[in-house]
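Below is the file structure-v2.pdb, which contains PDB, C-alpha atoms, pLDDT in the B column.
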ATOM      1  CA  MET A   1       0.000   0.000   0.000  1.00 84.00           C
ATOM      2  CA  GLN A   2       2.908   2.351   0.719  1.00 90.00           C
ATOM      3  CA  ALA A   3       4.340   1.705  -2.743  1.00 90.00           C
ATOM      4  CA  ILE A   4       0.959   2.497  -4.315  1.00 88.00           C
ATOM      5  CA  ALA A   5       0.678   5.722  -2.291  1.00 90.00           C
ATOM      6  CA  SER A   6       4.211   6.744  -3.351  1.00 91.00           C
ATOM      7  CA  ASP A   7       3.439   6.039  -7.012  1.00 91.00           C
ATOM      8  CA  ILE A   8       0.236   8.082  -6.836  1.00 90.00           C
ATOM      9  CA  GLU A   9       2.026  10.981  -5.150  1.00 93.00           C
ATOM     10  CA  TYR A  10       4.805  10.927  -7.748  1.00 93.00           C
ATOM     11  CA  THR A  11       2.264  10.895 -10.596  1.00 92.00           C
ATOM     12  CA  PHE A  12       0.182  13.706  -9.070  1.00 94.00           C
ATOM     13  CA  LEU A  13       3.340  15.840  -9.126  1.00 94.00           C
ATOM     14  CA  ASN A  14       5.149  14.681 -12.293  1.00 93.00           C
ATOM     15  CA  GLY A  15       2.618  12.853 -14.462  1.00 90.00           C
ATOM     16  CA  GLN A  16       2.414  13.386 -18.230  1.00 89.00           C
ATOM     17  CA  TYR A  17      -1.148  13.486 -19.599  1.00 88.00           C
ATOM     18  CA  GLN A  18      -2.242  10.790 -22.019  1.00 84.00           C
ATOM     19  CA  LYS A  19      -5.785  10.052 -23.171  1.00 85.00           C
ATOM     20  CA  ALA A  20      -6.481   6.415 -23.995  1.00 83.00           C
ATOM     21  CA  SER A  21      -6.787   6.093 -27.758  1.00 87.00           C
ATOM     22  CA  ALA A  22      -7.226   2.308 -27.831  1.00 88.00           C
ATOM     23  CA  SER A  23      -7.902  -0.533 -25.405  1.00 84.00           C
ATOM     24  CA  ASP A  24      -4.168  -1.174 -25.013  1.00 86.00           C
ATOM     25  CA  VAL A  25      -3.310   2.502 -24.317  1.00 85.00           C
ATOM     26  CA  ALA A  26      -3.671   3.606 -20.696  1.00 83.00           C
ATOM     27  CA  ASN A  27      -5.106   6.909 -19.503  1.00 82.00           C
ATOM     28  CA  LYS A  28      -2.489   8.954 -17.644  1.00 84.00           C
ATOM     29  CA  THR A  29      -3.089  11.905 -15.388  1.00 88.00           C
ATOM     30  CA  ARG A  30      -1.300  15.221 -15.798  1.00 91.00           C
ATOM     31  CA  GLY A  31       0.826  16.128 -12.808  1.00 93.00           C
ATOM     32  CA  ILE A  32       0.474  19.536 -11.227  1.00 95.00           C
ATOM     33  CA  ILE A  33       4.056  20.547 -12.124  1.00 95.00           C
ATOM     34  CA  THR A  34       3.423  19.748 -15.790  1.00 93.00           C
ATOM     35  CA  ALA A  35       0.140  21.661 -15.649  1.00 93.00           C
ATOM     36  CA  CYS A  36       1.727  24.912 -14.426  1.00 94.00           C
ATOM     37  CA  THR A  37       2.149  27.168 -17.442  1.00 93.00           C
ATOM     38  CA  THR A  38       0.809  30.571 -16.353  1.00 94.00           C
ATOM     39  CA  ASN A  39       2.943  31.138 -13.252  1.00 95.00           C
ATOM     40  CA  THR A  40       6.496  30.021 -13.902  1.00 93.00           C
ATOM     41  CA  VAL A  41       9.788  31.549 -12.854  1.00 93.00           C
ATOM     42  CA  THR A  42      12.688  30.201 -14.892  1.00 90.00           C
ATOM     43  CA  ASN A  43      16.145  30.238 -13.403  1.00 82.00           C
ATOM     44  CA  SER A  44      17.873  30.241 -16.805  1.00 75.00           C
ATOM     45  CA  GLU A  45      21.282  31.141 -15.373  1.00 77.00           C
ATOM     46  CA  ALA A  46      21.140  28.274 -12.863  1.00 74.00           C
ATOM     47  CA  THR A  47      21.909  30.643  -9.994  1.00 83.00           C
ATOM     48  CA  ALA A  48      21.053  29.999  -6.381  1.00 89.00           C
ATOM     49  CA  LEU A  49      17.481  30.541  -5.269  1.00 92.00           C
ATOM     50  CA  THR A  50      16.697  34.128  -4.295  1.00 92.00           C
ATOM     51  CA  LYS A  51      13.939  35.863  -2.356  1.00 93.00           C
ATOM     52  CA  THR A  52      13.154  37.743  -5.568  1.00 93.00           C
ATOM     53  CA  MET A  53      12.350  34.455  -7.342  1.00 95.00           C
ATOM     54  CA  LEU A  54       9.934  33.475  -4.573  1.00 96.00           C
ATOM     55  CA  LYS A  55       8.319  36.927  -4.512  1.00 96.00           C
ATOM     56  CA  THR A  56       7.994  36.970  -8.314  1.00 96.00           C
ATOM     57  CA  LEU A  57       6.227  33.598  -8.294  1.00 96.00           C
ATOM     58  CA  LEU A  58       3.772  34.560  -5.538  1.00 97.00           C
ATOM     59  CA  LYS A  59       3.072  37.950  -7.147  1.00 97.00           C
ATOM     60  CA  SER A  60       2.364  36.251 -10.478  1.00 97.00           C
ATOM     61  CA  ILE A  61      -0.108  33.845  -8.858  1.00 97.00           C
ATOM     62  CA  PHE A  62      -1.846  36.722  -7.055  1.00 97.00           C
ATOM     63  CA  ASN A  63      -1.976  38.924 -10.168  1.00 97.00           C
ATOM     64  CA  ASN A  64      -3.452  36.058 -12.228  1.00 96.00           C
ATOM     65  CA  GLY A  65      -6.318  35.520  -9.793  1.00 94.00           C
ATOM     66  CA  GLY A  66      -4.892  32.742  -7.656  1.00 94.00           C
ATOM     67  CA  THR A  67      -5.076  32.615  -3.878  1.00 94.00           C
ATOM     68  CA  VAL A  68      -1.684  32.630  -2.179  1.00 95.00           C
ATOM     69  CA  ASP A  69      -2.780  32.590   1.475  1.00 96.00           C
ATOM     70  CA  GLY A  70      -2.854  28.996   2.721  1.00 95.00           C
ATOM     71  CA  GLY A  71      -0.812  27.696  -0.213  1.00 96.00           C
ATOM     72  CA  ILE A  72       2.180  25.386   0.034  1.00 97.00           C
ATOM     73  CA  LEU A  73       5.700  25.615  -1.380  1.00 97.00           C
ATOM     74  CA  MET A  74       6.839  22.032  -2.003  1.00 97.00           C
ATOM     75  CA  CYS A  75      10.454  21.215  -2.832  1.00 97.00           C
ATOM     76  CA  ASP A  76      13.223  18.673  -2.528  1.00 96.00           C
ATOM     77  CA  ALA A  77      15.673  18.690   0.398  1.00 95.00           C
ATOM     78  CA  THR A  78      18.237  20.892  -1.381  1.00 94.00           C
ATOM     79  CA  GLN A  79      15.691  23.599  -2.201  1.00 95.00           C
ATOM     80  CA  LYS A  80      14.265  23.396   1.346  1.00 95.00           C
ATOM     81  CA  MET A  81      17.729  24.094   2.722  1.00 94.00           C
ATOM     82  CA  ALA A  82      18.055  26.983   0.246  1.00 93.00           C
ATOM     83  CA  ILE A  83      14.768  28.517   1.429  1.00 94.00           C
ATOM     84  CA  THR A  84      15.859  28.257   5.067  1.00 92.00           C
ATOM     85  CA  GLY A  85      19.247  29.723   4.089  1.00 90.00           C
ATOM     86  CA  LEU A  86      17.580  32.782   2.546  1.00 90.00           C
ATOM     87  CA  TYR A  87      16.133  33.741   5.928  1.00 87.00           C
ATOM     88  CA  GLU A  88      18.825  32.543   8.385  1.00 82.00           C
ATOM     89  CA  GLY A  89      20.557  35.883   8.693  1.00 70.00           C
ATOM     90  CA  GLN A  90      17.513  38.122   8.542  1.00 71.00           C
ATOM     91  CA  THR A  91      17.155  40.994  10.958  1.00 58.00           C
ATOM     92  CA  GLY A  92      15.033  40.201  13.979  1.00 63.00           C
ATOM     93  CA  TYR A  93      15.958  36.533  14.230  1.00 61.00           C
ATOM     94  CA  VAL A  94      15.974  35.619  17.912  1.00 64.00           C
ATOM     95  CA  ALA A  95      18.171  32.713  18.903  1.00 63.00           C
ATOM     96  CA  PRO A  96      16.629  30.122  21.236  1.00 64.00           C
ATOM     97  CA  LEU A  97      17.267  30.727  24.924  1.00 67.00           C
ATOM     98  CA  SER A  98      18.541  27.183  25.376  1.00 71.00           C
ATOM     99  CA  ARG A  99      22.225  26.417  25.006  1.00 70.00           C
ATOM    100  CA  ASN A 100      21.544  22.973  23.534  1.00 74.00           C
ATOM    101  CA  ILE A 101      19.238  23.998  20.675  1.00 71.00           C
ATOM    102  CA  GLY A 102      20.460  25.601  17.487  1.00 72.00           C
ATOM    103  CA  GLY A 103      19.611  26.028  13.862  1.00 75.00           C
ATOM    104  CA  MET A 104      16.629  27.161  11.890  1.00 79.00           C
ATOM    105  CA  ASN A 105      13.783  25.533   9.984  1.00 84.00           C
ATOM    106  CA  ILE A 106      11.545  27.714   7.831  1.00 88.00           C
ATOM    107  CA  ASP A 107       8.154  26.016   7.598  1.00 92.00           C
ATOM    108  CA  THR A 108       6.006  29.117   6.993  1.00 94.00           C
ATOM    109  CA  LEU A 109       6.704  32.228   4.961  1.00 94.00           C
ATOM    110  CA  VAL A 110       4.776  35.378   5.802  1.00 93.00           C
ATOM    111  CA  THR A 111       4.392  37.181   2.476  1.00 94.00           C
ATOM    112  CA  ASP A 112       2.619  40.264   1.156  1.00 94.00           C
ATOM    113  CA  PHE A 113      -0.062  37.939  -0.219  1.00 95.00           C
ATOM    114  CA  GLY A 114      -0.603  35.680   2.809  1.00 94.00           C
ATOM    115  CA  ASN A 115       1.046  32.892   4.762  1.00 96.00           C
ATOM    116  CA  VAL A 116       2.627  30.072   2.766  1.00 97.00           C
ATOM    117  CA  GLY A 117       3.718  26.696   4.114  1.00 96.00           C
ATOM    118  CA  VAL A 118       7.060  25.138   3.128  1.00 97.00           C
ATOM    119  CA  ILE A 119       7.426  21.348   2.921  1.00 96.00           C
ATOM    120  CA  THR A 120       9.766  18.769   1.415  1.00 96.00           C
ATOM    121  CA  ASN A 121       8.806  15.822  -0.731  1.00 96.00           C
ATOM    122  CA  VAL A 122      11.102  13.136  -2.146  1.00 95.00           C
ATOM    123  CA  ALA A 123       8.945  12.955  -5.304  1.00 95.00           C
ATOM    124  CA  MET A 124       9.827  16.539  -6.279  1.00 96.00           C
ATOM    125  CA  PRO A 125      12.240  16.889  -9.197  1.00 94.00           C
ATOM    126  CA  SER A 126      15.635  18.250  -8.237  1.00 92.00           C
ATOM    127  CA  GLY A 127      15.860  22.029  -8.516  1.00 91.00           C
ATOM    128  CA  THR A 128      12.084  22.551  -8.770  1.00 94.00           C
ATOM    129  CA  ILE A 129       9.877  24.413  -6.303  1.00 96.00           C
ATOM    130  CA  LEU A 130       6.123  24.018  -6.662  1.00 97.00           C
ATOM    131  CA  PHE A 131       3.571  26.392  -5.196  1.00 97.00           C
ATOM    132  CA  TYR A 132       0.165  24.746  -5.016  1.00 96.00           C
ATOM    133  CA  ASN A 133      -3.128  25.657  -3.438  1.00 96.00           C
ATOM    134  CA  PRO A 134      -4.489  22.521  -1.731  1.00 95.00           C
ATOM    135  CA  SER A 135      -7.997  23.993  -1.425  1.00 95.00           C
ATOM    136  CA  VAL A 136      -8.606  23.502  -5.170  1.00 95.00           C
ATOM    137  CA  CYS A 137      -6.941  20.071  -5.556  1.00 95.00           C
ATOM    138  CA  ARG A 138      -8.675  16.725  -5.226  1.00 95.00           C
ATOM    139  CA  PRO A 139      -8.192  13.153  -6.388  1.00 94.00           C
ATOM    140  CA  VAL A 140     -10.589  11.805  -9.015  1.00 92.00           C
ATOM    141  CA  GLU A 141     -11.279   8.090  -9.208  1.00 91.00           C
ATOM    142  CA  GLN A 142     -12.607   6.104 -12.138  1.00 86.00           C
ATOM    143  CA  ALA A 143     -14.673   3.318 -10.633  1.00 88.00           C
ATOM    144  CA  VAL A 144     -15.210  -0.075 -12.263  1.00 88.00           C
ATOM    145  CA  PRO A 145     -18.926  -1.018 -12.376  1.00 90.00           C
ATOM    146  CA  ASN A 146     -19.951  -3.317  -9.505  1.00 90.00           C
ATOM    147  CA  LYS A 147     -16.425  -3.220  -8.043  1.00 90.00           C
ATOM    148  CA  GLY A 148     -15.703   0.390  -7.122  1.00 87.00           C
ATOM    149  CA  ASN A 149     -12.169   1.685  -7.133  1.00 86.00           C
ATOM    150  CA  PHE A 150      -9.022   0.218  -5.575  1.00 86.00           C
ATOM    151  CA  PHE A 151     -10.129  -3.334  -5.085  1.00 89.00           C
ATOM    152  CA  TYR A 152      -8.443  -6.718  -4.810  1.00 90.00           C
ATOM    153  CA  GLU A 153      -9.070  -9.104  -7.670  1.00 88.00           C
ATOM    154  CA  SER A 154      -8.113 -12.772  -7.739  1.00 90.00           C
ATOM    155  CA  LEU A 155      -6.046 -13.998 -10.671  1.00 90.00           C
ATOM    156  CA  ALA A 156      -5.731 -17.492 -12.151  1.00 86.00           C
ATOM    157  CA  LYS A 157      -4.874 -20.109  -9.559  1.00 83.00           C
ATOM    158  CA  THR A 158      -1.682 -22.112 -10.078  1.00 82.00           C
ATOM    159  CA  GLY A 159      -1.512 -25.221  -7.887  1.00 84.00           C
ATOM    160  CA  ALA A 160      -2.071 -24.302  -4.249  1.00 85.00           C
ATOM    161  CA  ALA A 161      -0.865 -20.737  -4.737  1.00 85.00           C
ATOM    162  CA  GLU A 162      -3.405 -17.936  -4.787  1.00 86.00           C
ATOM    163  CA  ARG A 163      -2.577 -14.820  -6.717  1.00 89.00           C
ATOM    164  CA  GLY A 164      -4.293 -11.489  -7.052  1.00 90.00           C
ATOM    165  CA  GLN A 165      -3.872  -7.863  -7.840  1.00 88.00           C
ATOM    166  CA  LEU A 166      -4.891  -4.517  -6.437  1.00 88.00           C
ATOM    167  CA  TYR A 167      -6.590  -2.457  -9.110  1.00 87.00           C
ATOM    168  CA  GLY A 168      -7.632   1.155  -9.255  1.00 87.00           C
ATOM    169  CA  GLN A 169      -7.629   4.223 -11.470  1.00 87.00           C
ATOM    170  CA  ILE A 170      -6.997   7.648  -9.988  1.00 90.00           C
ATOM    171  CA  GLY A 171      -6.135  11.069 -11.344  1.00 91.00           C
ATOM    172  CA  LEU A 172      -5.662  14.602 -10.058  1.00 92.00           C
ATOM    173  CA  ASP A 173      -8.078  17.480 -10.458  1.00 94.00           C
ATOM    174  CA  TYR A 174      -5.746  20.400  -9.742  1.00 93.00           C
ATOM    175  CA  GLY A 175      -8.448  23.033 -10.241  1.00 94.00           C
ATOM    176  CA  PRO A 176      -7.609  26.311 -11.995  1.00 95.00           C
ATOM    177  CA  GLU A 177      -4.044  26.025 -13.301  1.00 94.00           C
ATOM    178  CA  TRP A 178      -3.271  29.665 -12.425  1.00 94.00           C
ATOM    179  CA  PHE A 179      -3.705  28.904  -8.703  1.00 96.00           C
ATOM    180  CA  HIS A 180      -0.351  27.101  -8.863  1.00 96.00           C
ATOM    181  CA  GLY A 181       3.160  27.885 -10.063  1.00 96.00           C
ATOM    182  CA  VAL A 182       6.744  26.604 -10.325  1.00 96.00           C
ATOM    183  CA  ILE A 183      10.294  27.840 -10.065  1.00 95.00           C
TER
END
Once you've parsed the file, please lay out its structure as structure tokens.
Amino acid sequence: MQAIASDIEYTFLNGQYQKASASDVANKTRGIITACTTNTVTNSEATALTKTMLKTLLKSIFNNGGTVDGGILMCDATQKMAITGLYEGQTGYVAPLSRNIGGMNIDTLVTDFGNVGVITNVAMPSGTILFYNPSVCRPVEQAVPNKGNFFYESLAKTGAAERGQLYGQIGLDYGPEWFHGVI
């Protein structure tokens, strides 16, 4: 079940859309990263992440009618460290009073457009930061008549061994594309 959940999560982020054109061609869902075309910030010079890049992305989403407040910045571990690094030396940072606690972990950004969460995900492509608004995203299942979705189905029996498969079809409804963006 964990492997299925990981595969679904990866596809919801990185999937390439494909409509079934024949019985032997599978439907494939479009991932939210692939879907983002309106709000993109391209780091063409491959420089380190900057606050300006983050602000440009959030401003673009806001200006295009998206809701920034309550959104999430999702990234890989390297980009998460870069985001924390952008704010480590900022004015007003108060060190913990304890002598055995140190460091910093940015998990929320307070921006001009609202508060934004910051999380890591191993399924994120290296060097990519996704802003998504979870309030407009939902999974969509394609049920099989009289069976539902995500069900166990027995396969042909060989000797005393019993075999089966878990089956299900699921896709992502990411809502209005301009509610999301990528760096």
Would you pick out the contacts of Ser60 (chain A) at 9 Å or less, using only C-alpha atoms, so that residues sharing its chain but fewer than 6 positions from it are not included, and give the list as a VMD selection string? chain A and resid 38 to 40 66 178 181
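Distance check against Ile8 (chain A) using all atoms listed in the file: of A:Gly127, A:Gly65, A:Pro139, A:Gly164, the minimum falls on A:Pro139.
This file gives the following result for the PyMOL selection byres ((chain A and resi 182) around 7): A:Ile33, A:Cys36, A:Asn39, A:Thr40, A:Val41, A:Thr128, A:Ile129, A:Leu130, A:Phe131, A:Gly181, A:Ile183.
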Atomic distance CA of Ala48 (chain A) - CA of Thr84 (chain A), expressed in Å with one decimal: 12.7 Å
Could you tell me how far CA of Gly71 (chain A) lies from CA of Tyr10 (chain A), in Å and to one decimal? 19.2 Å
I'd like the neighbourhood of Phe151 (chain A) as JSON, numbers by chain, where a residue qualifies if any of its atoms comes within 10 Å (using all atoms listed in the file), though same-chain residues fewer than 6 positions away should be ignored. {"A": [143, 144, 165, 166, 167, 168]}
Taking all atoms of region 21-34 of chain A that the file lists, what box with edges along x, y and z, padded by 8 Å per side, do you get, with centre and edge lengths in Å to one decimal, as lines of an AutoDock Vina configuration file?
center_x = -1.9
center_y = 9.7
center_z = -19.5
size_x = 28.0
size_y = 37.7
size_z = 32.6
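CA of Ala82 (chain A) is positioned 11.7 Å from CA of Thr120 (chain A).
Using all atoms listed in the file, the smallest distance between any of A:Phe150, A:Ala35, A:Lys19, A:Phe179 and Ile4 (chain A) comes from A:Phe150.
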Pull out every residue that the PyMOL selection byres ((chain A and resi 118) around 12) matches in the shown coordinates and put them as a PyMOL selection string. chain A and resi 54+70-77+79-84+105-110+115-117+119-121+129-132
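Ranking A:Ala26, A:Ile170, A:Ile32, A:Met1 by their shortest atom-to-atom distance to Cys137 (chain A), with all atoms listed in the file included, puts A:Ile32 first.
Using all atoms listed in the file, the smallest distance between any of A:Ser6, A:Gln142, A:Thr42, A:Gln16 and Thr56 (chain A) comes from A:Thr42.
Between Gly15 (chain A) and the residues A:Gly103, A:Pro145, A:Gly171, A:Pro176, the shortest atom-to-atom distance, using all atoms listed in the file, involves A:Gly171.
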Selection dump of the PyMOL selection byres ((chain A and resi 138) around 10), as a count of residues only: 12
